[in-house]
Structure formats: structure tokens, C-alpha cells
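The file run.txt contains compact mmCIF, C-alpha atoms and all ligand atoms:
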# COMPACT_ATOMS: atom_id res chain seq x y z
CA MET A 37 46.74 -132.15 122.99
CA LYS A 38 50.50 -131.79 122.72
CA VAL A 39 52.38 -129.74 125.31
CA LEU A 40 55.92 -128.38 125.34
CA VAL A 41 57.51 -127.60 128.72
CA VAL A 42 60.61 -125.38 128.66
CA GLY A 43 63.29 -125.80 131.34
CA SER A 44 65.27 -128.50 133.11
CA GLY A 45 64.83 -128.15 136.88
CA GLY A 46 62.74 -129.64 139.65
CA ARG A 47 60.07 -127.06 138.88
CA GLU A 48 59.80 -128.27 135.28
CA HIS A 49 59.64 -131.91 136.41
CA ALA A 50 56.70 -130.98 138.64
CA LEU A 51 55.05 -129.04 135.77
CA ALA A 52 55.42 -131.96 133.35
CA TRP A 53 54.29 -134.50 135.99
CA LYS A 54 51.12 -132.53 136.69
CA ILE A 55 50.37 -131.86 133.01
CA ALA A 56 50.73 -135.61 132.36
CA GLN A 57 47.77 -136.25 134.70
CA SER A 58 45.37 -134.51 132.31
CA ASP A 59 43.16 -136.77 130.16
CA LYS A 60 43.38 -134.14 127.45
CA VAL A 61 47.15 -134.43 127.08
CA LYS A 62 48.44 -137.10 124.72
CA LYS A 63 52.10 -136.11 124.40
CA ILE A 64 54.59 -133.97 126.33
CA TYR A 65 57.90 -132.62 125.10
CA CYS A 66 60.46 -130.91 127.29
CA ALA A 67 63.34 -128.68 126.19
CA PRO A 68 65.86 -129.65 127.39
CA GLY A 69 64.52 -131.57 130.46
CA ASN A 70 66.50 -133.86 132.77
CA ALA A 71 66.68 -137.59 133.53
CA GLY A 72 63.41 -137.66 135.49
CA ILE A 73 61.47 -135.54 133.00
CA GLY A 74 62.70 -137.92 130.29
CA GLU A 75 60.55 -140.66 131.83
CA ILE A 76 57.30 -138.76 131.15
CA ALA A 77 58.20 -136.46 128.28
CA GLU A 78 60.24 -136.63 125.08
CA ARG A 79 63.34 -134.53 125.59
CA VAL A 80 64.20 -131.94 122.96
CA ASN A 81 67.75 -130.71 122.60
CA VAL A 82 67.06 -126.97 122.37
CA ASN A 83 68.48 -124.32 124.67
CA VAL A 84 65.95 -122.42 126.81
CA LEU A 85 67.30 -119.11 125.43
CA ASP A 86 66.97 -120.11 121.78
CA VAL A 87 63.52 -118.63 121.26
CA ASN A 88 63.52 -119.08 117.49
CA SER A 89 64.29 -122.80 117.64
CA LEU A 90 61.69 -123.29 120.37
CA ALA A 91 59.04 -121.55 118.28
CA LEU A 92 60.04 -123.48 115.17
CA PHE A 93 59.80 -126.76 117.10
CA ALA A 94 56.35 -125.86 118.41
CA GLU A 95 55.20 -124.92 114.91
CA ASN A 96 56.57 -128.05 113.24
CA ARG A 97 55.19 -130.44 115.86
CA GLY A 98 51.80 -128.77 116.16
CA ILE A 99 52.22 -128.03 119.87
CA ASP A 100 48.91 -126.90 121.42
CA LEU A 101 50.36 -125.27 124.54
CA THR A 102 53.85 -124.30 125.68
CA VAL A 103 54.54 -123.78 129.40
CA ILE A 104 57.66 -121.85 130.41
CA GLY A 105 59.68 -122.52 133.57
CA PRO A 106 62.76 -120.26 133.69
CA GLU A 107 62.74 -116.47 133.82
CA ALA A 108 65.70 -116.46 131.41
CA SER A 109 63.45 -117.75 128.58
CA LEU A 110 60.84 -115.12 129.38
CA GLY A 111 63.50 -112.39 129.48
CA ALA A 112 64.79 -113.60 126.11
CA GLY A 113 61.35 -112.94 124.62
CA VAL A 114 60.07 -116.49 124.10
CA VAL A 115 56.45 -115.44 124.65
CA ASP A 116 56.70 -112.52 122.22
CA GLU A 117 58.12 -114.83 119.53
CA PHE A 118 55.43 -117.49 120.04
CA GLU A 119 52.63 -114.93 120.00
CA LYS A 120 54.01 -113.36 116.84
CA ARG A 121 53.62 -116.76 115.20
CA GLY A 122 50.14 -117.33 116.64
CA LEU A 123 51.29 -120.14 119.00
CA THR A 124 49.61 -120.61 122.40
CA ILE A 125 52.01 -120.11 125.30
CA PHE A 126 51.64 -119.71 129.06
CA GLY A 127 53.94 -117.01 130.40
CA PRO A 128 54.38 -113.23 130.40
CA ASN A 129 55.91 -111.33 127.49
CA LYS A 130 59.11 -109.33 127.67
CA GLU A 131 57.42 -106.15 128.81
CA ALA A 132 55.51 -107.90 131.58
CA VAL A 133 58.55 -109.82 132.82
CA GLN A 134 60.14 -106.50 133.83
CA ILE A 135 58.19 -106.91 137.05
CA GLU A 136 60.71 -109.60 137.98
CA VAL A 137 63.82 -108.48 136.14
CA SER A 138 63.89 -104.78 137.06
CA LYS A 139 63.68 -103.91 140.74
CA VAL A 140 63.28 -100.22 139.78
CA PHE A 141 60.36 -101.03 137.50
CA SER A 142 58.50 -103.14 140.08
CA LYS A 143 59.20 -100.88 143.05
CA SER A 144 58.11 -97.75 141.13
CA LEU A 145 54.95 -99.48 139.97
CA MET A 146 54.06 -100.46 143.54
CA ILE A 147 54.77 -97.01 144.98
CA ASP A 148 52.84 -95.25 142.17
CA TYR A 149 49.77 -97.41 142.71
CA GLY A 150 49.87 -97.69 146.50
CA ILE A 151 50.63 -101.42 146.56
CA PRO A 152 52.09 -102.31 149.98
CA THR A 153 55.88 -102.60 149.88
CA GLY A 154 58.89 -100.99 151.54
CA GLY A 155 60.50 -97.69 150.55
CA PHE A 156 63.52 -97.63 148.26
CA GLU A 157 66.19 -95.42 146.69
CA VAL A 158 67.98 -95.97 143.36
CA PHE A 159 71.55 -94.97 142.56
CA SER A 160 73.60 -95.08 139.39
CA ASP A 161 76.60 -93.46 141.12
CA PRO A 162 78.29 -95.65 143.77
CA ASP A 163 79.56 -92.61 145.72
CA LYS A 164 76.01 -91.35 146.10
CA ALA A 165 74.88 -94.81 147.24
CA ASP A 166 77.67 -94.78 149.85
CA ALA A 167 76.63 -91.32 151.06
CA TYR A 168 73.03 -92.48 151.39
CA ILE A 169 74.09 -95.50 153.45
CA GLU A 170 76.14 -93.23 155.72
CA SER A 171 73.09 -91.01 156.16
CA ILE A 172 70.73 -93.81 157.22
CA ALA A 173 73.00 -96.34 158.91
CA GLY A 174 73.13 -94.53 162.24
CA LYS A 175 69.36 -94.07 162.36
CA ILE A 176 68.13 -97.61 161.82
CA GLY A 177 68.88 -100.82 163.62
CA ASN A 178 67.62 -103.01 160.79
CA PRO A 179 69.57 -104.73 158.04
CA ILE A 180 69.97 -102.84 154.74
CA PRO A 181 68.95 -104.70 151.54
CA VAL A 182 71.26 -103.66 148.67
CA LYS A 183 70.32 -105.06 145.26
CA ALA A 184 71.65 -104.99 141.71
CA ASP A 185 68.91 -103.72 139.39
CA GLY A 186 68.83 -106.40 136.74
CA GLU A 187 68.99 -110.08 136.03
CA ALA A 188 71.61 -111.60 138.34
CA ALA A 189 70.46 -115.24 138.47
CA GLY A 190 68.70 -114.56 141.76
CA LYS A 191 71.99 -113.66 143.43
CA GLY A 192 71.99 -109.87 143.08
CA ALA A 193 70.42 -109.14 146.48
CA ILE A 194 72.63 -108.63 149.53
CA ILE A 195 70.94 -108.18 152.89
CA ALA A 196 73.67 -106.20 154.64
CA LYS A 197 73.62 -106.50 158.42
CA ASN A 198 75.14 -103.07 159.04
CA ARG A 199 76.79 -99.99 157.49
CA ASP A 200 80.09 -101.73 156.66
CA GLU A 201 78.43 -104.65 154.91
CA ALA A 202 76.17 -102.27 152.98
CA LEU A 203 79.16 -100.25 151.74
CA GLN A 204 80.89 -103.50 150.73
CA ALA A 205 77.75 -104.56 148.86
CA VAL A 206 77.71 -101.33 146.82
CA ASP A 207 81.39 -101.84 146.03
CA LEU A 208 80.82 -105.45 144.94
CA ILE A 209 77.77 -104.69 142.81
CA MET A 210 78.71 -101.33 141.26
CA ARG A 211 82.49 -100.99 141.23
CA LYS A 212 83.55 -104.65 140.96
CA ARG A 213 80.51 -105.51 138.80
CA ALA A 214 80.15 -108.92 140.45
CA PHE A 215 76.78 -109.32 138.67
CA GLY A 216 77.85 -107.72 135.38
CA SER A 217 75.68 -105.03 133.85
CA ALA A 218 72.97 -105.66 136.47
CA GLY A 219 75.25 -103.51 138.65
CA GLU A 220 74.77 -100.32 136.64
CA ARG A 221 72.19 -99.31 139.21
CA VAL A 222 71.63 -100.37 142.80
CA VAL A 223 68.41 -100.30 144.76
CA ILE A 224 68.68 -99.75 148.50
CA GLU A 225 65.51 -100.86 150.22
CA GLU A 226 63.69 -100.54 153.47
CA TYR A 227 64.03 -103.82 155.38
CA LEU A 228 60.69 -105.63 155.78
CA ASP A 229 60.54 -107.56 159.02
CA GLY A 230 58.33 -110.63 159.40
CA PRO A 231 57.88 -114.22 158.23
CA GLU A 232 58.16 -114.66 154.47
CA ALA A 233 55.70 -116.44 152.23
CA THR A 234 55.38 -117.16 148.53
CA PHE A 235 51.91 -116.64 147.10
CA MET A 236 51.53 -117.50 143.40
CA PHE A 237 48.60 -116.67 141.12
CA PHE A 238 47.47 -117.86 137.71
CA VAL A 239 46.82 -114.72 135.69
CA ASP A 240 45.23 -114.39 132.22
CA GLY A 241 45.72 -110.64 131.80
CA GLU A 242 42.63 -109.86 133.85
CA THR A 243 41.54 -112.63 136.22
CA CYS A 244 43.82 -113.71 139.09
CA VAL A 245 43.36 -117.18 140.60
CA PRO A 246 45.33 -117.93 143.78
CA MET A 247 47.31 -121.10 144.33
CA TYR A 248 48.08 -122.41 147.81
CA PRO A 249 50.74 -120.29 149.56
CA ALA A 250 54.13 -121.82 150.27
CA GLN A 251 57.14 -121.14 152.42
CA ASP A 252 60.64 -121.57 151.06
CA TYR A 253 63.94 -122.17 152.90
CA LYS A 254 66.54 -120.08 151.09
CA ARG A 255 69.69 -120.64 153.13
CA ALA A 256 72.02 -123.58 152.52
CA TYR A 257 72.24 -124.95 156.08
CA ASP A 258 70.03 -125.86 159.04
CA GLY A 259 68.96 -122.97 161.22
CA ASP A 260 68.97 -120.63 158.18
CA LEU A 261 72.75 -120.47 158.16
CA GLY A 262 75.04 -120.26 155.13
CA LEU A 263 74.57 -118.64 151.76
CA ASN A 264 71.32 -117.93 149.93
CA THR A 265 70.40 -120.68 147.46
CA GLY A 266 67.61 -121.13 144.93
CA GLY A 267 65.71 -122.89 147.73
CA MET A 268 66.55 -125.93 149.88
CA GLY A 269 63.05 -126.96 150.88
CA CYS A 270 59.49 -125.83 151.08
CA TYR A 271 56.07 -126.53 152.44
CA SER A 272 52.47 -125.63 151.59
CA PRO A 273 50.04 -124.29 152.72
CA VAL A 274 51.32 -121.66 155.17
CA PRO A 275 49.61 -121.49 158.59
CA ALA A 276 50.69 -117.82 159.00
CA LEU A 277 48.95 -116.93 155.71
CA GLY A 278 45.42 -118.18 156.30
CA PRO A 279 42.35 -117.60 154.09
CA GLU A 280 41.60 -114.10 155.46
CA LEU A 281 45.12 -112.83 154.92
CA GLN A 282 45.15 -114.49 151.48
CA ASP A 283 42.14 -112.38 150.54
CA VAL A 284 43.96 -109.28 151.76
CA VAL A 285 46.89 -110.12 149.47
CA THR A 286 44.63 -110.81 146.50
CA GLU A 287 42.67 -107.58 146.92
CA THR A 288 45.47 -105.18 147.97
CA ILE A 289 48.42 -106.62 146.08
CA THR A 290 47.72 -109.01 143.21
CA LYS A 291 44.64 -107.49 141.58
CA PRO A 292 45.94 -103.88 141.87
CA THR A 293 49.28 -104.97 140.37
CA ILE A 294 47.67 -106.56 137.31
CA LYS A 295 45.48 -103.48 136.94
CA ALA A 296 48.47 -101.15 137.31
CA LEU A 297 50.33 -103.05 134.60
CA LYS A 298 47.29 -102.80 132.37
CA ALA A 299 47.12 -99.06 132.96
CA ARG A 300 50.67 -98.91 131.63
CA GLY A 301 49.64 -100.87 128.57
CA ILE A 302 51.11 -104.17 129.75
CA CYS A 303 49.10 -107.40 129.68
CA PHE A 304 50.37 -109.91 132.24
CA ARG A 305 49.62 -113.53 131.41
CA GLY A 306 51.34 -116.26 133.36
CA VAL A 307 52.20 -116.83 137.00
CA LEU A 308 52.58 -113.82 139.27
CA TYR A 309 54.79 -114.92 142.16
CA CYS A 310 54.35 -112.60 145.14
CA GLY A 311 57.27 -112.86 147.56
CA LEU A 312 55.77 -111.43 150.75
CA ALA A 313 56.88 -110.34 154.19
CA LEU A 314 54.06 -110.77 156.72
CA THR A 315 54.87 -107.62 158.70
CA SER A 316 53.08 -106.25 161.77
CA ASP A 317 51.48 -103.73 159.33
CA GLY A 318 50.14 -106.51 157.10
CA PRO A 319 51.54 -108.34 154.07
CA LYS A 320 54.03 -106.36 151.97
CA VAL A 321 55.80 -107.24 148.74
CA ILE A 322 59.52 -108.05 148.96
CA GLU A 323 59.70 -109.03 145.31
CA PHE A 324 57.63 -110.18 142.38
CA ASN A 325 58.62 -112.99 140.08
CA ALA A 326 56.95 -113.64 136.75
CA ARG A 327 57.07 -117.45 136.88
CA PHE A 328 56.55 -120.54 139.01
CA GLY A 329 58.85 -120.78 142.05
CA ASP A 330 61.37 -123.56 142.50
CA PRO A 331 60.91 -125.52 144.81
CA GLU A 332 57.50 -123.95 145.58
CA THR A 333 55.99 -125.66 142.51
CA GLN A 334 57.07 -129.05 143.87
CA VAL A 335 54.76 -128.59 146.90
CA VAL A 336 51.94 -126.50 145.41
CA LEU A 337 51.10 -128.58 142.32
CA PRO A 338 50.73 -131.90 144.19
CA LEU A 339 47.94 -130.17 146.18
CA LEU A 340 46.05 -129.03 143.08
CA GLU A 341 42.95 -131.13 142.45
CA SER A 342 41.85 -129.55 139.16
CA ASP A 343 43.27 -130.26 135.71
CA PHE A 344 46.48 -128.25 135.56
CA PHE A 345 46.72 -128.37 131.77
CA GLU A 346 43.23 -126.88 131.46
CA ILE A 347 44.10 -124.06 133.86
CA CYS A 348 47.29 -123.16 131.98
CA PHE A 349 45.46 -123.33 128.65
CA ALA A 350 42.62 -121.13 129.97
CA ALA A 351 45.11 -118.61 131.36
CA ALA A 352 47.10 -118.54 128.13
CA THR A 353 43.96 -117.85 126.11
CA GLY A 354 42.37 -115.29 128.44
CA ASN A 355 39.62 -117.59 129.76
CA LEU A 356 40.50 -118.08 133.43
CA ASP A 357 37.20 -116.67 134.67
CA SER A 358 35.37 -119.74 133.34
CA GLN A 359 37.80 -122.16 134.98
CA ALA A 360 36.99 -123.97 138.25
CA VAL A 361 40.11 -124.44 140.38
CA SER A 362 40.01 -126.69 143.45
CA TRP A 363 42.62 -127.93 145.90
CA TYR A 364 43.07 -130.98 148.14
CA ASN A 365 42.69 -130.34 151.85
CA LYS A 366 46.18 -131.70 152.53
CA LYS A 367 49.74 -130.57 153.23
CA ALA A 368 52.90 -130.98 151.19
CA LEU A 369 56.56 -130.68 152.04
CA CYS A 370 59.70 -130.89 149.90
CA VAL A 371 63.35 -131.42 150.85
CA VAL A 372 65.98 -130.56 148.24
CA MET A 373 69.05 -132.78 147.95
CA ALA A 374 72.02 -130.80 146.63
CA SER A 375 75.58 -131.44 145.51
CA ASP A 376 78.36 -130.88 148.04
CA GLY A 377 79.54 -127.28 147.65
CA TYR A 378 76.27 -125.83 146.30
CA PRO A 379 75.54 -122.87 145.99
CA GLY A 380 79.28 -122.56 145.25
CA ASP A 381 81.30 -124.92 143.02
CA TYR A 382 80.43 -128.61 142.95
CA ASP A 383 81.31 -131.79 141.04
CA LYS A 384 78.96 -133.44 138.56
CA GLY A 385 78.51 -136.97 137.29
CA LYS A 386 78.00 -138.73 140.66
CA PRO A 387 75.80 -141.82 140.29
CA ILE A 388 72.49 -141.60 142.19
CA GLU A 389 71.10 -144.70 143.93
CA GLY A 390 67.79 -145.44 145.57
CA ILE A 391 65.30 -143.24 143.69
CA GLU A 392 62.90 -146.16 143.10
CA GLU A 393 63.15 -147.24 146.76
CA ALA A 394 62.30 -143.67 147.80
CA GLU A 395 59.28 -143.67 145.47
CA LYS A 396 58.09 -146.95 147.00
CA THR A 397 57.71 -145.13 150.34
CA GLY A 398 55.04 -142.97 148.67
CA ALA A 399 57.27 -139.94 148.18
CA LEU A 400 57.42 -138.04 144.89
CA VAL A 401 60.97 -137.61 143.60
CA PHE A 402 61.33 -134.57 141.35
CA HIS A 403 64.58 -134.44 139.43
CA ALA A 404 66.46 -131.12 139.15
CA GLY A 405 70.14 -131.45 138.19
CA THR A 406 70.20 -135.01 136.84
CA GLU A 407 71.29 -136.61 133.58
CA THR A 408 71.47 -140.14 132.26
CA ASN A 409 74.88 -141.56 131.53
CA ASP A 410 75.22 -145.16 130.24
CA GLY A 411 71.74 -145.94 131.53
CA ARG A 412 72.49 -144.62 135.03
CA VAL A 413 71.10 -141.49 136.62
CA VAL A 414 73.92 -139.12 137.64
CA THR A 415 74.14 -135.65 139.18
CA SER A 416 74.47 -132.71 136.79
CA GLY A 417 73.63 -129.65 138.84
CA GLY A 418 73.70 -127.91 142.22
CA ARG A 419 70.19 -128.83 143.27
CA VAL A 420 69.91 -132.49 142.29
CA LEU A 421 66.54 -133.81 143.51
CA GLY A 422 63.50 -132.64 145.43
CA VAL A 423 61.68 -135.23 147.52
CA THR A 424 58.05 -134.28 148.20
CA ALA A 425 55.41 -135.94 150.36
CA VAL A 426 51.69 -135.17 150.59
CA ALA A 427 49.77 -136.06 153.76
CA ASP A 428 47.04 -134.94 156.16
CA SER A 429 49.47 -133.31 158.58
CA PHE A 430 52.86 -131.63 158.38
CA LYS A 431 54.17 -134.16 160.89
CA GLU A 432 53.35 -137.02 158.49
CA CYS A 433 54.79 -135.02 155.57
CA ILE A 434 58.08 -134.59 157.41
CA ASP A 435 58.30 -138.29 158.33
CA LEU A 436 57.44 -139.44 154.81
CA THR A 437 59.74 -136.97 153.06
CA TYR A 438 62.76 -137.73 155.20
CA SER A 439 62.21 -141.49 154.96
CA GLY A 440 62.26 -141.01 151.16
CA VAL A 441 65.39 -138.87 151.38
CA GLY A 442 67.02 -141.57 153.53
CA LYS A 443 66.71 -144.12 150.69
CA ILE A 444 68.61 -141.95 148.21
CA TYR A 445 72.38 -141.86 148.01
CA PHE A 446 74.94 -139.96 145.95
CA ASP A 447 78.45 -138.97 146.88
CA GLY A 448 78.45 -135.61 148.68
CA ALA A 449 74.64 -135.36 148.96
CA HIS A 450 73.70 -132.43 151.17
CA TYR A 451 70.23 -131.55 152.47
CA ARG A 452 68.71 -129.59 155.32
CA ARG A 453 67.32 -131.62 158.20
CA ASP A 454 65.04 -128.91 159.57
CA ILE A 455 62.51 -128.40 156.77
CA GLY A 456 59.10 -127.95 158.41
CA ALA A 457 60.51 -128.31 161.94
CA ARG A 458 59.14 -124.90 162.93
CA LEU A 459 55.61 -126.15 162.24
CA ILE A 460 55.45 -128.81 164.96
P1 LIG B 1 65.42 -110.90 146.20
O1 LIG B 1 66.57 -111.28 145.32
O2 LIG B 1 64.96 -109.51 146.05
O3 LIG B 1 64.37 -111.92 146.11
O4 LIG B 1 65.93 -111.06 147.71
C1 LIG B 1 66.36 -112.31 148.21
C2 LIG B 1 65.90 -112.52 149.63
O5 LIG B 1 66.42 -111.49 150.49
C3 LIG B 1 64.39 -112.41 149.84
O6 LIG B 1 63.75 -113.60 149.55
C4 LIG B 1 64.30 -112.06 151.32
O7 LIG B 1 64.54 -113.19 152.12
C5 LIG B 1 65.46 -111.13 151.47
N1 LIG B 1 65.04 -109.72 151.23
C6 LIG B 1 65.16 -109.05 150.08
N2 LIG B 1 64.70 -107.79 150.19
C7 LIG B 1 64.26 -107.65 151.44
C8 LIG B 1 63.64 -106.58 152.16
N3 LIG B 1 63.40 -105.39 151.60
N4 LIG B 1 63.32 -106.79 153.44
C9 LIG B 1 63.56 -107.99 154.04
N5 LIG B 1 64.14 -109.04 153.41
C10 LIG B 1 64.49 -108.89 152.12
N1 LIG B 2 62.37 -120.39 145.46
C1 LIG B 2 62.50 -119.04 145.08
C2 LIG B 2 62.26 -118.76 143.66
O1 LIG B 2 61.80 -119.57 142.88
O2 LIG B 2 62.51 -117.63 143.26
Serialized structure, C-alpha cells:
Amino acid sequence: MKVLVVGSGGREHALAWKIAQSDKVKKIYCAPGNAGIGEIAERVNVNVLDVNSLALFAENRGIDLTVIGPEASLGAGVVDEFEKRGLTIFGPNKEAVQIEVSKVFSKSLMIDYGIPTGGFEVFSDPDKADAYIESIAGKIGNPIPVKADGEAAGKGAIIAKNRDEALQAVDLIMRKRAFGSAGERVVIEEYLDGPEATFMFFVDGETCVPMYPAQDYKRAYDGDLGLNTGGMGCYSPVPALGPELQDVVTETITKPTIKALKARGICFRGVLYCGLALTSDGPKVIEFNARFGDPETQVVLPLLESDFFEICFAAATGNLDSQAVSWYNKKALCVVMASDGYPGDYDKGKPIEGIEEAEKTGALVFHAGTETNDGRVVTSGGRVLGVTAVADSFKECIDLTYSGVGKIYFDGAHYRRDIGARLI
């Protein structure tokens, strides 16, 4: 079988790495990939938003399965284009991806079908949003989540600590249009208090198969300080989301959501990423994504025992119910190494040393923002590498991961030193 992976981050390196373990897979392509992916897949110079060229490539090369990483490709309609041409692809179509892209769509769906989440209000007039904030700010002691309703590269959510910050958030999103047209509407949400967890599911339109849950560290610095990032580290599974609570999520959140979409005429095939708050009233949805998480994928896939290619193929063709999915009884932990300045501005092109030495310690090194330049691996993005270790205990994972990280050097490398610390 020939597989095309779309994307260029640490998530896509993990996807390609796991697909490569299947006996059924003879060749992997990746568009556009990165330096690490280039070692296991043939890189294809096509932009992730260029859905026509991607489909043409898949047609011409006889690709048997395409697996999509980034939400931007899904939002651009890559799945719709592939399906129109009769090509097999794993990911949701443009209608289904609304569950990630539009906060109003996903919140309304959850409220209409009684899926546990927090309350929300939507405003297309900033003055009305301000008035609403004034009306609630005195009554609640909690933070106030203010979000742009549209694609904002994961940055359109501001968790305001108080009235003043909430008013500033409305101004930034709606009047200053800091996130462009995503700021035509804002969603002001009820704050959900409790530990967060990511719980991803393979979905074939009907059947939902859970992966191991994961926990992501979003802030840039130790102690959850600094700005929100795409994710600075992660571990799996999640002690606070044990098997019983996982069943509660599957039965009260995931299955009803897929059914609700179906009732609206939408078939969801792909990964449903449930971003949860484990509140004192039970698990509630903070957000849905319609794709694999990054860096969650870098800890979840190393724990998957079954053939990942077969699962994706079964999901893409509506046959998940016949697919056995098993997991290793182990733990995994990932530390992301980023460029100095990330998530703000950063330099590129810094040579990276020590990747092979890190791999010799038994760690997995997933490339994110890397390129090759004159035969050397150099930095090319904000998140540069993710170092993952798999072991019997989180303590061993932490030791192994950080000894791998310690072997790697690039100018300005920044990483959190507290990933997993809360577990031991
Ligand atoms: P989002 O862009 O919606 O994923 O929000 C980014 C992050 O902000 C989430 O991962 C949470 O950590 C936090 N967050 C967003 N909405 C809420 C909420 N309603 N209650 C508590 N935390 C939230
Ligand atoms: N790590 C968070 C995300 O993938 O959205």
C-alpha cells in the first residue's frame, strides 16, 4: 500500500513513523514534511492548502490512503476534493470540520443535544458584548473565556482573568480584528474549572474507538506561566481520566456528538479530539478538534499496539467496527524543544546537534520545525523537536526523555523542565 501524509509538524512525523511500522505499507509520501519525516517518507513539495494538487498527486501515484494532519487542510476542503475523485482519505469533510472551526456551531450542537459543556453567549456587536461582560463580571469570581468565532490558528481564545481583561479581549478581537475575520463574532463562555485532558477517538461516521487520553502543557514556561502555545509537552495515559471516566466520556460526549452530527446530515470520519475539563460535575467539553493533537499524537501513537495504518484505512472506509484496537500497558511522555522567542518571533536556520545521541538513549525524536540545509539539520519553526520516551512508569519516562533532551543542542533551545512533574 502507498500512503500520503499531509503536514509538516511533530504530529505528522509521529503519524508517518507509526504508519511505517505496518507490514502492509510499502511506500510513504509526505507533503511537505520536514527533515525527520524525510528519513522515512519521500517528501512532496505541495502546500497543505493546495487541495487540487494534493488530489492530483494521489491520483497520479496511485495512493491507497491519505492521512491529514493540519486543520487548515481540512478547512480548505481536502477531504471533499479527494472523495469527489473517489480517493480514500482519513479526515472529516468541510461540513464536519465546523465542529472545530466554528465555536458557535459546536457549542450550539452540544447545547441542543444535551452534551455536557459550559454555557455561552454569542455577539456580533462589540458594544453588546461589553454590556454582557459588565452584567456578569460582578457576579462571578471565575475567569471569563472570550473567543473569536473562527479559524485563528489556535490563538483566538483569551481567558480573561477579570472584567477589564475581558473588555480588552472584545476590543482586540472585534474592533482591532487581531484575528482577522474570525473576529466578526465573539463567544463568551462559562469558565469550566478542573484538570484538562485530551481524549481522541477514531471515528468512521458511526463507530467511535477511543485512544489513550493525554494531558498537554499549553503554556510556554514552567509552572504554567507565559503565553499559550501549540503545546510544550504531554503525557499519556492520564491518571485523572481512568477507565470508568473514559466510558462516561464515550457514552455521554463522543457517541452523542457523532449521532447529533448525523442527525444534522453530517458524517464525521476522522479523529474527534475532545478537549475536556474534568469538573466536579463530571467531564465537560471545552472544545472539539477534528484532527490529531500536537503533541498529543507524539505520546499516544507510541502506546498503540495495533496496526495504525489498518485502523486509519478501516475508519476511512467505514469499517471500524471490525477492527481490533489494542494498546501497550505503558506510559509515554514528550518534551517539546522550541526556538527562543516562541510563541512570538524567533530566528530560523540554527544547526541542530545531538539528535542521534538522543536516539541512542532510547528516546524517540520527532521533528517539528526542521529542515535540511547543506546536509545539516537546522531549525525552521517555533516548535522544533519533540522528544518522547515510553516506559513502565512516568518516573522512568521523565528520566529517559530529559536525558534525551540533554543530548540535543541548538542555539536558543527552550523547553519546559516540569513536564510530568505533577505525576510523581
Ligand atoms: P480553545 O482555543 O478554545 O481551545 O482554548 C484554549 C485553552 O483555553 C483551552 O485549552 C483551555 O485551557 C482554556 N479554555 C478555553 N475555554 C475554556 C473554558 N470555557 N473554561 C476553562 N478553560 C477554557
Ligand atoms: N495540543 C493542542 C492541539 O493540538 O490542539
> Can you tell me, as a ChimeraX atom specification, what residues are no more than 8 Å from region 319-324 of chain A when counting only C-alpha atoms, ignoring any on the same chain fewer than 4 positions away?
Replying inline: /A:135-136,139,142,152-154,228,281,284-285,289,308-315
> Contacts of region 110-115 of chain A at 8 Å or less, counting all atoms listed in the file, minus same-chain residues fewer than 5 places along, as a VMD selection string?
Replying inline: chain A and resid 85 87 to 88 90 to 91 104 125 to 130 133 137
> Counting all atoms listed in the file, what residues are within 12 Å of ligand LIG 2 (chain B), given as a PyMOL selection string?
Replying inline: chain A and resi 45-48+105-107+136-137+188-191+232-236+250-255+264-271+307-312+322-335+370+372+419
Export of the given selection (C-alpha atoms) as a compact mmCIF listing (two decimals), keeping the file's coordinate frame:
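Full text of selection.txt as output:
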# COMPACT_ATOMS: atom_id res chain seq x y z
CA GLY A 45 64.83 -128.15 136.88
CA GLY A 46 62.74 -129.64 139.65
CA ARG A 47 60.07 -127.06 138.88
CA GLU A 48 59.80 -128.27 135.28
CA GLY A 105 59.68 -122.52 133.57
CA PRO A 106 62.76 -120.26 133.69
CA GLU A 107 62.74 -116.47 133.82
CA GLU A 136 60.71 -109.60 137.98
CA VAL A 137 63.82 -108.48 136.14
CA ALA A 188 71.61 -111.60 138.34
CA ALA A 189 70.46 -115.24 138.47
CA GLY A 190 68.70 -114.56 141.76
CA LYS A 191 71.99 -113.66 143.43
CA GLU A 232 58.16 -114.66 154.47
CA ALA A 233 55.70 -116.44 152.23
CA THR A 234 55.38 -117.16 148.53
CA PHE A 235 51.91 -116.64 147.10
CA MET A 236 51.53 -117.50 143.40
CA ALA A 250 54.13 -121.82 150.27
CA GLN A 251 57.14 -121.14 152.42
CA ASP A 252 60.64 -121.57 151.06
CA TYR A 253 63.94 -122.17 152.90
CA LYS A 254 66.54 -120.08 151.09
CA ARG A 255 69.69 -120.64 153.13
CA ASN A 264 71.32 -117.93 149.93
CA THR A 265 70.40 -120.68 147.46
CA GLY A 266 67.61 -121.13 144.93
CA GLY A 267 65.71 -122.89 147.73
CA MET A 268 66.55 -125.93 149.88
CA GLY A 269 63.05 -126.96 150.88
CA CYS A 270 59.49 -125.83 151.08
CA TYR A 271 56.07 -126.53 152.44
CA VAL A 307 52.20 -116.83 137.00
CA LEU A 308 52.58 -113.82 139.27
CA TYR A 309 54.79 -114.92 142.16
CA CYS A 310 54.35 -112.60 145.14
CA GLY A 311 57.27 -112.86 147.56
CA LEU A 312 55.77 -111.43 150.75
CA ILE A 322 59.52 -108.05 148.96
CA GLU A 323 59.70 -109.03 145.31
CA PHE A 324 57.63 -110.18 142.38
CA ASN A 325 58.62 -112.99 140.08
CA ALA A 326 56.95 -113.64 136.75
CA ARG A 327 57.07 -117.45 136.88
CA PHE A 328 56.55 -120.54 139.01
CA GLY A 329 58.85 -120.78 142.05
CA ASP A 330 61.37 -123.56 142.50
CA PRO A 331 60.91 -125.52 144.81
CA GLU A 332 57.50 -123.95 145.58
CA THR A 333 55.99 -125.66 142.51
CA GLN A 334 57.07 -129.05 143.87
CA VAL A 335 54.76 -128.59 146.90
CA CYS A 370 59.70 -130.89 149.90
CA VAL A 372 65.98 -130.56 148.24
CA ARG A 419 70.19 -128.83 143.27
> Of the candidates A:Lys38, A:Lys143, A:Arg97, A:Arg121, which one gets nearest to ligand LIG 1 (chain B) if we count only C-alpha atoms and all ligand atoms?
Replying inline: A:Lys143
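If you look at CA of Thr124 (chain A) and CA of Gly186 (chain A), they are 27.9 Å away from each other.
CA of Ala425 (chain A) to CA of Gly398 (chain A) spans 7.2 Å [interatomic distance, one decimal].
Coordinates place CA of Phe215 (chain A) at a distance of 8.3 Å from CA of Glu187 (chain A).
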